[in-house]
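Asks: Quick one: the structure is below, questions incoming.
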Amino acid sequence: MRIAIVDRARCRPKDCSHECQRFCPRVRTGDETVIFPEGPDKPPVIVEALCSGEAICVKKCPYHVIKIVNLPEELESDTSHRYSVNGFKLFRLPTPKVGQVLGLIGPNGVGKTTAIQILAGELRPNMGRIDNPPEWDEIIHQYRGSELQPFFERIQAGNIVPVHKPQTITDIPKMKAIADRPISDLLESSDTSGRLKELKDDMNLGDIWDRPVKVLSGGELQRVAITAALVREGDIYFFDEPTAYLDVRERLRVGRAIRQLADLGKTVIVVEHDLSILDYVSDLVCLFYGNPGVYGIISNPHGTRVGVNQFLDGFIPDENMRFRDTSISFKGMSTEDIEFTSSEPLVEYGNMKKSFEDFSLEVMSGRVSKGQVIGILGPNGIGKTTFVRMLAGELDPDEGEAPKKTISGLDLKISYKPQYIPKDFEGNLRMYLREAGGNTIDSADFKTSVINKLELEHLLDHQIQDLSGGELQRAAIAACLSREADIYLLDEPSAFLDIEQRLASSRAIRRHVRINLKTAFVVEHSILMADYLSDSLVVFKGNPGKTGIASSVQTLRSGMNSFLKEMGVTFRRDPQTGRPRVNKDGSQLDSQQKASGDYYYVGKGK
C-alpha cells in the first residue's frame, strides 16, 4: 500500500515548474500518475495506484510539500478515515472504557484530534472512501465483534451525550455571543450536573469569577473551558490538551478534577503531551505513531505505566512494531544533594527587587557556571518572566543591579526567547534564522545539532507567517541558540510542542550549552521537562499576581523538594526509564515520602 501526500496549504503550483510531474518516471512512460487540474493555483493530484514509489517528486519539489510512504498492505482493512485525495490517513480507533480515563499519547499530526472527533460523533469515519463514504449501518458492520460496535450503535441512535473540551481555546474570546459575558454567567448556564459550586473552589476560579471572558489570560481561559466541560452532564468526556497554558500546580488540580469524572462512572478520553500528568490521570493509554501529516496508526490499549514506557522505548512488543529508531531515557539522578561544579563560574547577580502597580518581585542572589542549565519553576503570575527579562536587560530592577559583566570582566551577551512568539516577520525561516544568528546557521555543527534536531530543515523556505504554533516555537528556539551569547534565556520552550519535540528541543539546548560552555535559564511548567533539562533550579514562591520571591540557584534535588513540598505532591522514578511519575494522593509511597520529607524521587533512575 502506498500513500502519497500533497500539502495543499503550502503547495505553490503557479510559482514552480511542475517538477513533480516532469520528473515522474511513470509520467514519462505515458501514465497519468501526476495530474494538474485546470487553474493556476490548484495543487497536483498523485494517483497512488499508479505511483511506483521512487519518490523522485519528493526530492525535486522546490517547496517540500510532497511525501510518499510505503505501508503494509494489511493495514488497508484497518483504515478508519481519510480527509481527501492525497490527504492524511488514519488507521484504527481507540476504544473508550466506561468508568476509566483513556490517555492518547503521540506526536502532533498523527490523528489524535481526528480520533476524538470521530468518537465524539463530530466526524463520521469514511473508512478511506472519500467519494463514496459509508453510512452508519455499514460503519457499525465494519466494527462488528469489537467494543466499538455497541459504541457506534449508541452514537447512531443518539444515546450518547458527548462533552468535548477543544484543543484551541484562544478563539473563545473572539466569539461575540460570550466575549462580554462574565464567566460566572457562562458557567452557571452550562451547569447541568450541579457540580459548579465545588468545582469553583477546586479549579481556583474565585478571583476571576466576575471577569468577562474577553479579558482572561491563556491559563484562565483554559481553566474556564475545562470547568465548562466538567459541569455538563454527559456520557463521554473529551479533553484535548487540557494543561496548555497552565503551571504545575494548576495541571495537578485539573488532573484531579478529570479523575473524579471516572470515579463518577463516566467515560473519559484525554490527549496530553505532559507525560507526568498523563500518567497521573490515566488508567489506560493508546499509542499513536506514524508520519505526522501523512498517516497515523493507533495501538491497542495498554496499562498506563507500560504504555508510556513503550512510547519512550519506541517499540510495541505485542505488535512487534518499532516506530522510532532510538529510545528515550531520562538521566539518572541520585538523592544526594550535589552542587554543580563541572565548570568555572560565569556570572553572579546580586539581590534585586522590581515593583509594579499591583505586583512586586524579590530576587535572591545567584551564581552560575559555564555549561549549566538552570530550570525556573513556579506558578503563573509569580514573576518568572519578569525575572528573565531583568536578566536579559529588558527591565531594570528598582533595587540592585542585573548582571552586565561576567566574572572575568567581559561584557555579558544574552540571547532571549520570549514566552509569546510574534508572527509579524516578513520573510521565510531561513531569513529569520540568518537575521538572528548570521552565518552561524550555515555551520555543519549547528545544522546537525539544532536545525536537524528540531526538524526545521524542510521548513527553511516557508514563510514565518505560515508556520504553525509548534513550528514557530521550534524556529524561535533555533534563533535563540544561533546568537553568540553567554547566557540563553528561554521562556516556556515546550509550549505547543508534542512530547518528542519537547525532548528533542531539550537535547538541542543541553548540547549547545555544554559543548560551547554557555549557560541557559529555562522557564518550564512541566516537571518531566524540568527534570530532563535542568542541572539546577530557581524556585519561585509567593502570592500569584501580588508578590513573588525567587530563590537563589539551588541543586536539582533541593529545588525540587522545596517546590513539590509547597504543592503537597510527591514524585518517584520509574525503574525502567527513570522518568518522573506522580504518586497518587494518599498512596503508601506518597505517605512515606511526605513523612520523610523527601518529595523528590526515591532511589535512582536508570
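In the C-alpha cells, each chain is lettered A, B, ... as it comes, each chain's residues begin at 1, and ligands are numbered from 1 in order of appearance.
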Which residues of region 16-123 of chain A sit at most 9 Å from region 300-310 of chain A, using only C-alpha atoms? Give each one's shortest atom pair and distance in Å (one decimal place), in chain and ascending residue order, as JSON lines.
Replies:
{"residue": "A:Leu93", "atom": "CA", "partner": "A:Asn300", "partner_atom": "CA", "distance": 9.0}
{"residue": "A:Pro94", "atom": "CA", "partner": "A:Asn300", "partner_atom": "CA", "distance": 7.3}
{"residue": "A:Thr95", "atom": "CA", "partner": "A:Pro301", "partner_atom": "CA", "distance": 7.6}
{"residue": "A:Leu102", "atom": "CA", "partner": "A:Pro301", "partner_atom": "CA", "distance": 8.2}
{"residue": "A:Gly103", "atom": "CA", "partner": "A:Thr304", "partner_atom": "CA", "distance": 8.0}
{"residue": "A:Ile105", "atom": "CA", "partner": "A:Val308", "partner_atom": "CA", "distance": 7.9}
Asks: Out of region 235-395 of chain A, which residues get strand (DSSP E) from DSSP, as an MDAnalysis selection string?
Replies: chainID A and resid 236:240 267:271 284:291 295:298 302:303 315:316 321:322 345:349 352:355 360:363 366:369 372:377
Asks: For region 130-141 of chain A, list every protein, DNA or RNA residue within 8 Å, evaluated using only C-alpha atoms, and leave out those in the same chain fewer than 3 positions away; present the list as a PDB file with C-alpha atoms, in the first residue's frame.
Replies:
ATOM      1  CA  ARG A  82      -9.079   9.869   5.201  1.00  0.00           C
ATOM      2  CA  TYR A  83      -9.610  13.583   4.710  1.00  0.00           C
ATOM      3  CA  SER A  84      -9.070  13.908   0.959  1.00  0.00           C
ATOM      4  CA  VAL A  85      -7.238  12.550  -2.058  1.00  0.00           C
ATOM      5  CA  PRO A 125     -15.406   7.820   9.736  1.00  0.00           C
ATOM      6  CA  ASN A 126     -15.340   7.290   5.960  1.00  0.00           C
ATOM      7  CA  MET A 127     -13.144   4.138   6.022  1.00  0.00           C
ATOM      8  CA  ARG A 144     -18.806  -5.881  14.442  1.00  0.00           C
ATOM      9  CA  GLN A 149     -19.758  -1.784  17.649  1.00  0.00           C
ATOM     10  CA  PHE A 152     -21.220   3.417  17.385  1.00  0.00           C
ATOM     11  CA  GLU A 153     -24.720   1.938  17.692  1.00  0.00           C
ATOM     12  CA  GLN A 156     -26.226   6.397  15.665  1.00  0.00           C
TER      13      GLN A 156
END
Asks: Pull the alpha helix (DSSP H) assignments for region 170-377 of chain A out of DSSP run on the backbone, and list those residues as a PyMOL selection string.
Replies: chain A and resi 183-190+196-202+218-230+248-263+275-281+304-313
Asks: Which residues are near Gly39 (chain A)? Cut-off 10 Å, only C-alpha atoms, ignore same chain within fewer than 3 positions. Put them as a list of chain:residue names.
Replies: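 The filter keeps A:Pro13, A:Lys14, A:Phe36, A:Lys42, A:Pro43.
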Asks: Return as a tab-separated table the residues of region 456-533 of chain A lying at most 10 Å from region 4-10 of chain A, together with the closest atom-to-atom pair for each and the distance in Å to one decimal, counting only C-alpha atoms, with rows in chain order and ascending residue number.
Replies:
residue	atom	partner	partner_atom	distance
A:His462	CA	A:Arg10	CA	8.1
A:Gln463	CA	A:Arg10	CA	9.6
A:Asp466	CA	A:Arg10	CA	8.3
Asks: Would you export the selected residues with N, CA, C and O atoms as a PDB file, in the first residue's frame, please?
Replies:
ATOM      1  N   HIS A 462       9.869  28.171   3.981  1.00  0.00           N
ATOM      2  CA  HIS A 462       8.480  28.551   4.260  1.00  0.00           C
ATOM      3  C   HIS A 462       8.437  29.901   4.975  1.00  0.00           C
ATOM      4  O   HIS A 462       9.316  30.234   5.767  1.00  0.00           O
ATOM      5  N   GLN A 463       7.394  30.662   4.696  1.00  0.00           N
ATOM      6  CA  GLN A 463       7.222  31.971   5.314  1.00  0.00           C
ATOM      7  C   GLN A 463       6.924  31.829   6.803  1.00  0.00           C
ATOM      8  O   GLN A 463       6.178  30.934   7.210  1.00  0.00           O
ATOM      9  N   ASP A 466       3.372  31.637   7.861  1.00  0.00           N
ATOM     10  CA  ASP A 466       2.616  30.425   7.526  1.00  0.00           C
ATOM     11  C   ASP A 466       2.892  29.271   8.483  1.00  0.00           C
ATOM     12  O   ASP A 466       2.291  28.208   8.367  1.00  0.00           O
TER      13      ASP A 466
END
Asks: Between A:Lys541, A:Lys417, A:Lys165, A:Arg507, which residue has the minimum interatomic distance to Leu481 (chain A), considering only C-alpha atoms?
Replies: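 Ranking A:Lys541, A:Lys417, A:Lys165, A:Arg507 by distance to Leu481 (chain A), first place goes to A:Lys417.
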Asks: Using only C-alpha atoms, I'd like a table of the residues in region 249-325 of chain A that come within 12 Å of region 369-383 of chain A; for each, show the closest atom pair and its distance in Å rounded to one decimal, ordered by chain and ascending number, as a Markdown table.
Replies:
| residue | atom | partner | partner_atom | distance |
| --- | --- | --- | --- | --- |
| A:Arg249 | CA | A:Pro379 | CA | 6.6 |
| A:Glu250 | CA | A:Pro379 | CA | 8.0 |
| A:Arg251 | CA | A:Pro379 | CA | 10.2 |
| A:Leu252 | CA | A:Pro379 | CA | 11.7 |
Asks: Counting only C-alpha atoms, which of A:Gln592, A:Gln554, A:Ser282, A:Ser506 gets nearest to Leu104 (chain A)?
Replies: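 Ranked by minimum distance to Leu104 (chain A), first place goes to A:Ser282.
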Asks: Report, in Å to a single decimal, how far apart CA of Leu230 (chain A) and CA of Leu199 (chain A) are.
Replies: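 Pair CA of Leu199 (chain A) / CA of Leu230 (chain A) returns 8.3 Å.
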Asks: With only C-alpha atoms as the counted atoms, please give the residues lying no more than 9 Å from Asn291 (chain A), apart from itself and same-chain residues fewer than 5 positions off, as a list in words.
Replies: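 Final neighbour list, sorted by chain and number: Val69, Gly109, Val110 and Gly296 of chain A.
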Asks: Any chance you could export the current selection's all heavy atoms as a PDB file, in the first residue's frame?
Replies:
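Listed below is the output, result_5.pdb:
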ATOM      1  N   VAL A  69       4.928   7.399   1.040  1.00  0.00           N
ATOM      2  CA  VAL A  69       5.212   6.429   2.100  1.00  0.00           C
ATOM      3  C   VAL A  69       4.648   5.069   1.697  1.00  0.00           C
ATOM      4  O   VAL A  69       3.513   4.968   1.217  1.00  0.00           O
ATOM      5  CB  VAL A  69       4.583   6.875   3.437  1.00  0.00           C
ATOM      6  CG1 VAL A  69       4.829   5.823   4.507  1.00  0.00           C
ATOM      7  CG2 VAL A  69       5.164   8.207   3.878  1.00  0.00           C
ATOM      8  N   GLY A 109       0.048  15.709  14.723  1.00  0.00           N
ATOM      9  CA  GLY A 109      -0.167  15.419  13.311  1.00  0.00           C
ATOM     10  C   GLY A 109      -0.344  13.965  12.962  1.00  0.00           C
ATOM     11  O   GLY A 109      -0.272  13.605  11.780  1.00  0.00           O
ATOM     12  N   VAL A 110      -0.586  13.081  13.956  1.00  0.00           N
ATOM     13  CA  VAL A 110      -0.792  11.661  13.640  1.00  0.00           C
ATOM     14  C   VAL A 110      -2.211  11.195  13.968  1.00  0.00           C
ATOM     15  O   VAL A 110      -2.469   9.993  14.016  1.00  0.00           O
ATOM     16  CB  VAL A 110       0.242  10.760  14.340  1.00  0.00           C
ATOM     17  CG1 VAL A 110       1.642  10.987  13.792  1.00  0.00           C
ATOM     18  CG2 VAL A 110       0.218  10.955  15.843  1.00  0.00           C
ATOM     19  N   GLY A 296      -1.442   8.018  10.475  1.00  0.00           N
ATOM     20  CA  GLY A 296      -1.346   7.701  11.891  1.00  0.00           C
ATOM     21  C   GLY A 296      -1.913   6.318  12.151  1.00  0.00           C
ATOM     22  O   GLY A 296      -2.911   5.926  11.534  1.00  0.00           O
TER      23      GLY A 296
END
Asks: Work out how far apart CA of Glu233 (chain A) and CA of Cys286 (chain A) are and give it in Å to one decimal.
Replies: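 A separation of 25.5 Å between them.
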Asks: Using only C-alpha atoms, find the one residue out of A:Ile298, A:Val281, A:Ile66, A:Ala444 that sits nearest to Lys112 (chain A).
Replies: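 Using only C-alpha atoms, the shortest distance to Lys112 (chain A) belongs to A:Ile298.
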Asks: What does the distance between CA of Thr192 (chain A) and CA of Glu147 (chain A) come to in Å, to one decimal place?
Replies: 28.5 Å
Asks: Extract, using only C-alpha atoms, all DNA, RNA and protein residues at most 12 Å from Asn452 (chain A), discarding same-chain residues fewer than 3 positions from it, and format them as a VMD selection string.
Replies: chain A and resid 441 444 to 449 455 to 460 474 to 475 478 501 504 to 505 507 to 508
Asks: For those residues, write all heavy atoms to a file as a compact mmCIF listing (two decimals), in the first residue's frame.
Replies:
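Just written: out11.txt:
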# COMPACT_ATOMS: atom_id res chain seq x y z
N ILE A 441 24.11 29.73 11.19
CA ILE A 441 23.17 28.70 10.73
C ILE A 441 23.74 27.88 9.57
O ILE A 441 23.18 26.84 9.22
CB ILE A 441 21.81 29.30 10.32
CG1 ILE A 441 21.94 30.12 9.03
CG2 ILE A 441 21.25 30.17 11.42
CD1 ILE A 441 20.61 30.50 8.43
N ALA A 444 28.15 23.32 9.89
CA ALA A 444 27.71 21.92 9.88
C ALA A 444 27.23 21.48 11.25
O ALA A 444 26.24 20.74 11.37
CB ALA A 444 28.85 21.02 9.41
N ASP A 445 27.91 21.95 12.31
CA ASP A 445 27.52 21.55 13.65
C ASP A 445 26.15 22.09 14.01
O ASP A 445 25.32 21.36 14.59
CB ASP A 445 28.55 22.04 14.67
CG ASP A 445 28.20 21.64 16.09
OD1 ASP A 445 28.28 20.43 16.40
OD2 ASP A 445 27.82 22.53 16.89
N PHE A 446 25.86 23.35 13.69
CA PHE A 446 24.57 23.94 14.02
C PHE A 446 23.45 23.26 13.22
O PHE A 446 22.37 23.01 13.75
CB PHE A 446 24.57 25.45 13.73
CG PHE A 446 23.37 26.17 14.26
CD1 PHE A 446 23.29 26.54 15.60
CD2 PHE A 446 22.29 26.47 13.44
CE1 PHE A 446 22.18 27.20 16.10
CE2 PHE A 446 21.18 27.12 13.93
CZ PHE A 446 21.13 27.49 15.26
N LYS A 447 23.73 22.93 11.97
CA LYS A 447 22.72 22.25 11.16
C LYS A 447 22.39 20.88 11.76
O LYS A 447 21.22 20.48 11.83
CB LYS A 447 23.22 22.08 9.73
CG LYS A 447 23.22 23.36 8.90
CD LYS A 447 23.69 23.08 7.49
CE LYS A 447 23.66 24.35 6.64
NZ LYS A 447 24.16 24.10 5.27
N THR A 448 23.43 20.19 12.21
CA THR A 448 23.22 18.84 12.74
C THR A 448 22.57 18.85 14.11
O THR A 448 21.63 18.10 14.37
CB THR A 448 24.57 18.09 12.81
OG1 THR A 448 25.14 18.03 11.51
CG2 THR A 448 24.37 16.68 13.35
N SER A 449 23.10 19.70 15.00
CA SER A 449 22.68 19.65 16.41
C SER A 449 21.45 20.48 16.71
O SER A 449 20.79 20.26 17.73
CB SER A 449 23.84 20.11 17.31
OG SER A 449 24.19 21.44 17.02
N GLU A 455 13.96 19.45 13.52
CA GLU A 455 13.19 19.11 12.32
C GLU A 455 12.72 20.38 11.59
O GLU A 455 11.55 20.53 11.23
CB GLU A 455 12.00 18.22 12.68
CG GLU A 455 12.40 16.89 13.29
CD GLU A 455 11.21 16.01 13.60
OE1 GLU A 455 10.07 16.51 13.61
OE2 GLU A 455 11.43 14.82 13.85
N LEU A 456 13.67 21.27 11.34
CA LEU A 456 13.37 22.53 10.67
C LEU A 456 13.90 22.58 9.24
O LEU A 456 13.59 23.54 8.51
CB LEU A 456 13.96 23.71 11.45
CG LEU A 456 13.37 23.99 12.83
CD1 LEU A 456 14.17 25.09 13.53
CD2 LEU A 456 11.90 24.40 12.72
N GLU A 457 14.68 21.58 8.82
CA GLU A 457 15.35 21.67 7.52
C GLU A 457 14.35 21.78 6.36
O GLU A 457 14.60 22.51 5.39
CB GLU A 457 16.28 20.47 7.30
CG GLU A 457 15.62 19.10 7.26
CD GLU A 457 15.41 18.50 8.64
OE1 GLU A 457 15.57 19.21 9.65
OE2 GLU A 457 15.06 17.30 8.71
N HIS A 458 13.21 21.10 6.45
CA HIS A 458 12.22 21.15 5.36
C HIS A 458 11.34 22.39 5.42
O HIS A 458 10.52 22.60 4.52
CB HIS A 458 11.34 19.89 5.40
CG HIS A 458 10.42 19.84 6.58
ND1 HIS A 458 10.87 19.59 7.86
CD2 HIS A 458 9.08 20.01 6.68
CE1 HIS A 458 9.87 19.60 8.69
NE2 HIS A 458 8.76 19.86 8.01
N LEU A 459 11.52 23.22 6.48
CA LEU A 459 10.70 24.43 6.63
C LEU A 459 11.47 25.71 6.30
O LEU A 459 10.90 26.80 6.38
CB LEU A 459 10.17 24.53 8.07
CG LEU A 459 9.25 23.42 8.55
CD1 LEU A 459 8.98 23.58 10.04
CD2 LEU A 459 7.94 23.43 7.78
N LEU A 460 12.75 25.58 5.93
CA LEU A 460 13.60 26.77 5.78
C LEU A 460 13.09 27.74 4.72
O LEU A 460 13.31 28.95 4.83
CB LEU A 460 15.03 26.34 5.44
CG LEU A 460 15.79 25.63 6.58
CD1 LEU A 460 17.14 25.12 6.08
CD2 LEU A 460 15.98 26.58 7.75
N ARG A 474 9.69 26.02 17.61
CA ARG A 474 10.99 25.43 17.30
C ARG A 474 11.89 26.40 16.56
O ARG A 474 13.11 26.43 16.78
CB ARG A 474 10.79 24.15 16.48
CG ARG A 474 10.27 22.98 17.31
CD ARG A 474 10.07 21.75 16.46
NE ARG A 474 8.80 21.80 15.73
CZ ARG A 474 8.62 21.35 14.50
NH1 ARG A 474 9.62 20.82 13.84
NH2 ARG A 474 7.44 21.41 13.93
N ALA A 475 11.29 27.23 15.69
CA ALA A 475 12.07 28.25 14.99
C ALA A 475 12.65 29.26 15.97
O ALA A 475 13.80 29.70 15.83
CB ALA A 475 11.20 28.94 13.95
N ALA A 478 15.60 27.75 17.82
CA ALA A 478 16.78 27.74 16.95
C ALA A 478 17.38 29.13 16.81
O ALA A 478 18.60 29.30 16.83
CB ALA A 478 16.41 27.17 15.58
N GLN A 501 9.00 16.34 20.32
CA GLN A 501 9.60 17.63 20.01
C GLN A 501 10.16 18.29 21.27
O GLN A 501 11.21 18.95 21.22
CB GLN A 501 8.57 18.54 19.35
CG GLN A 501 8.14 18.08 17.96
CD GLN A 501 6.93 18.82 17.44
OE1 GLN A 501 6.24 19.51 18.19
NE2 GLN A 501 6.65 18.68 16.15
N ALA A 504 13.42 16.51 22.04
CA ALA A 504 14.43 16.87 21.04
C ALA A 504 14.93 18.29 21.27
O ALA A 504 16.14 18.56 21.16
CB ALA A 504 13.84 16.73 19.63
N SER A 505 14.02 19.21 21.61
CA SER A 505 14.41 20.59 21.89
C SER A 505 15.31 20.64 23.13
O SER A 505 16.30 21.38 23.16
CB SER A 505 13.17 21.47 22.10
OG SER A 505 12.36 21.49 20.94
N ARG A 507 17.26 18.26 24.26
CA ARG A 507 18.59 17.74 23.91
C ARG A 507 19.41 18.77 23.15
O ARG A 507 20.62 18.90 23.37
CB ARG A 507 18.45 16.45 23.10
CG ARG A 507 17.98 15.25 23.92
CD ARG A 507 18.18 13.96 23.16
NE ARG A 507 17.30 13.87 22.00
CZ ARG A 507 16.09 13.34 22.02
NH1 ARG A 507 15.61 12.85 23.15
NH2 ARG A 507 15.36 13.29 20.93
N ALA A 508 18.75 19.51 22.24
CA ALA A 508 19.45 20.54 21.47
C ALA A 508 19.96 21.65 22.39
O ALA A 508 21.10 22.12 22.24
CB ALA A 508 18.53 21.11 20.39
Asks: Can you work out which one of A:Leu216, A:Leu284, A:Ala55, A:Ile297 has the shortest atom-to-atom distance to Glu76 (chain A), counting only C-alpha atoms?
Replies: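 Closest candidate: A:Ile297.
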